[in-house]
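Here is the structure we will look at, set down as structure tokens.
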Amino acid sequence: MKHLFKRPTPGSSPPNSKESGVGLRRTSSSSINLNQTTIDALPELISYVDGEHRFRLVNQSYQNWFGTPTHQLVGRHMRNVFGHVAYEAMRPNVERALAGQPVKFEQSVPFLNGGARFIEASYVPHAPNGTVLGFVAFVADISERKASEATREAIAGRNERLMKVATALADAITPQEVYAAVVTEAAEALGASSSGLWLRDSSDRRVLRLANSLGYSLGGTQALETLRVDAVERTPVLDAFASGEPVWIHSQEELLLRYPHLDSLITSGRSYSIACLPVASQGTPLGAIGFTFENAPVLDAAGMNLLCLVARYSGQALERLRLYHAEQSARMELERAATETERARLRAEVLHEMAAAVIRAKRIEDVFDAALSAMEGALGVSKSAVLAFGDEDALRFRSWRCLSPSFRQAFEGLSRWSTQTDVSEIVDIEDLSGHPDLMAHAELFRTEGIRAVTSIPLRSPRKFKGTLLLCATTPRRFSRSELEIAEAISNHITAAIGRFAALAELQKTIQFNEMFTGILGHDLRNPLGAIVTGAELAQILDTDGRMSKTLTRILSSGQRMARMIEQLLDFTRIRVGNGLPLQASASDLMDVLRPIIEEVEVVNPGCTFDLQHMGGSTRGSWDVDRLSQVFSNLLVNAAKHGIRENGVRLMVSASGEMLVVKIHNDGVIPPELLPRIFEPLVSHDSAALAAPRGSEGLGLGLYITEQ
């Protein structure tokens, strides 16, 4: 690297020769030469352009980019090499460089032979004796980085829009609020010009009715207000509802081709796409939702997935609304029962508490436990259980009350249910002693003290999810109102199972994003290396020191970015479950600490670091690089957040198999910060720490140190 730019010695090749490159004349007796062999080894485009916009030196990368041998490029005008369009796009920066101004820019350039590329370029003027003779150009292809940035922004935008819709749906309580959230909030978040929600009529199942709409004309609203499911003339909404699959229409021409009878409702000449998606809950069709996107690009897979998620969330919100009304209806019915007024009030409160418990639940087990508590409070059942399917296709006890381990093990063996079993009816056995199908198991129930059993299935139209098991110690048959309460609770359980399954999918998505972050951090190292290399080359070329401060700042920032990238990669390794790789070797801890202290002292002038060996052997087998990372983080924090003039003390002591390193500074950690000090992505630069906020890292150092 240090020989890339050099002065020729007496007798060396003259300027413009193939051996020494192009001589940039400084005086009558000296010049600066670009070493051709060295610059040919670099992946970036490196060249020297004279005042007439002609190439006087190019490296091998030019041949790789443009397919023309380098010796044929020397002497050619930039327009002839890049093409007219690309040259005109870059020309303003070329003229600035030839005016003596250092130039650095990022630009998408449609090269004639090299294809369209997104480049990062630096032009360094060559001006010996104050006269600009040309400039040195450093050009790197950053197309992949820009594509990664665009992908990351697209993912973040989709997640933000989805979160906005999910939040609006979660906050909605009344039917009008739910319909408005599905139509208005979703359309705004997705950028749709119009939208509509059609729901199946509760009194006439053959009809879909427009529950809410946005952006439709009066005529369009009237024509689409009522749609018959069995209509001969179809619409995208009807087809999405009937098939249970999304309908994607990418242009007005495609709409008319597939639904020519809609011609009277269409304003010709418009450019739009349409998406109609079925709205369902646990496999039960509820209706359909439609969106229109004006002058929008063709929907890609990510956009389609986003719309499908919005439809799924809409179905869950409508199902929650249905459950809410069912709970309200049950409560009102129980309250109207004159003979059971107090008991009806109690049961309604139980259902309300059950609904609240489902909302508060952090785990599916919390829902199961709340359901059993509700059953005991509403029906007086002390022995009960929830059996549900896990990853395997087998029914297992997930939560229970007053049932012995031997009974649970035996009862699981009795069950022949699977996720594909068609279980739709409540099983209510008033007295087990006389039931012919259970005579072989009479001893099992007798030992457990169970005389009656009721099983309420946890079901969806397409899949059996489990059962709510109620056991009585005396013969008993539940009333219709009691069974309705049990069914309402089972519906809460079923909906919660679906909700937590959706959350599990979201966790997978989050893990994918963390893996994407790691991949992005890994891919950033190459362009960052190119930036640092370019800065080092420019620093060598900057013989008069005019750019020294800028180039030093670039190198310093590049090194800081490299540390951030390494922290980002370590963070991703930890979060995706792979852990931090360790390579242990025999070493002495004191030998590890001394060079770290020397490095930290350089960047913390005025702060002394006192290393004390308190006794015992400090040799062991460790990963020296990881230990260096740990103590470097701790020492930098100790110097940064303590009283610098009082220094930092390190005390190393050994006892048996244990080594203890204590790091002490004269600083105070606020009590409110202690519980969170090792959390990731949390900045600890606060006024309470008496340290100014800086940009040294990502808030990952202490987290990685702890891990």
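Labels used: A, B, ... for chains in the order of the structure tokens, numbers from 1 for residues in each chain, and numbers from 1 for ligands as shown.
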
Problem - Shell of 10 Å around Glu487 of chain A, only C-alpha atoms, local chain residues under 6 positions omitted, as number ranges by chain - result: A: 426, 456-458, 468, 481, 493

Exercise for the section: Just the alpha helix (DSSP H) stuff from segment 95-337 of chain A, please, per backbone DSSP, written as a PyMOL selection string. Expected result: chain A and resi 95-98+143-171+175-180+186-190+218-224+236-243+252-258+301-336

Problem - 7 Å contact set for Phe105 of chain A, only C-alpha atoms, chain neighbours under 5 positions out, as a list in words - result: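 Here the qualifying residues turn out to be Glu120, Ala121 and Ser122 of chain A.
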
File of the preceding selection, C-alpha atoms, as a CSV table (one decimal), in the first residue's frame:
chain,number,residue,atom,x,y,z
A,120,GLU,CA,-19.5,5.7,-4.8
A,121,ALA,CA,-16.8,7.9,-6.3
A,122,SER,CA,-14.1,10.2,-5.0

Practice task
Pick out the closest residue to Ser251 of chain A from this set: A:Asp230, A:Glu294, A:Asp300, A:Asp588. Count only C-alpha atoms.
Solution key: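 Result for the nearest residue to Ser251 of chain A: A:Glu294.
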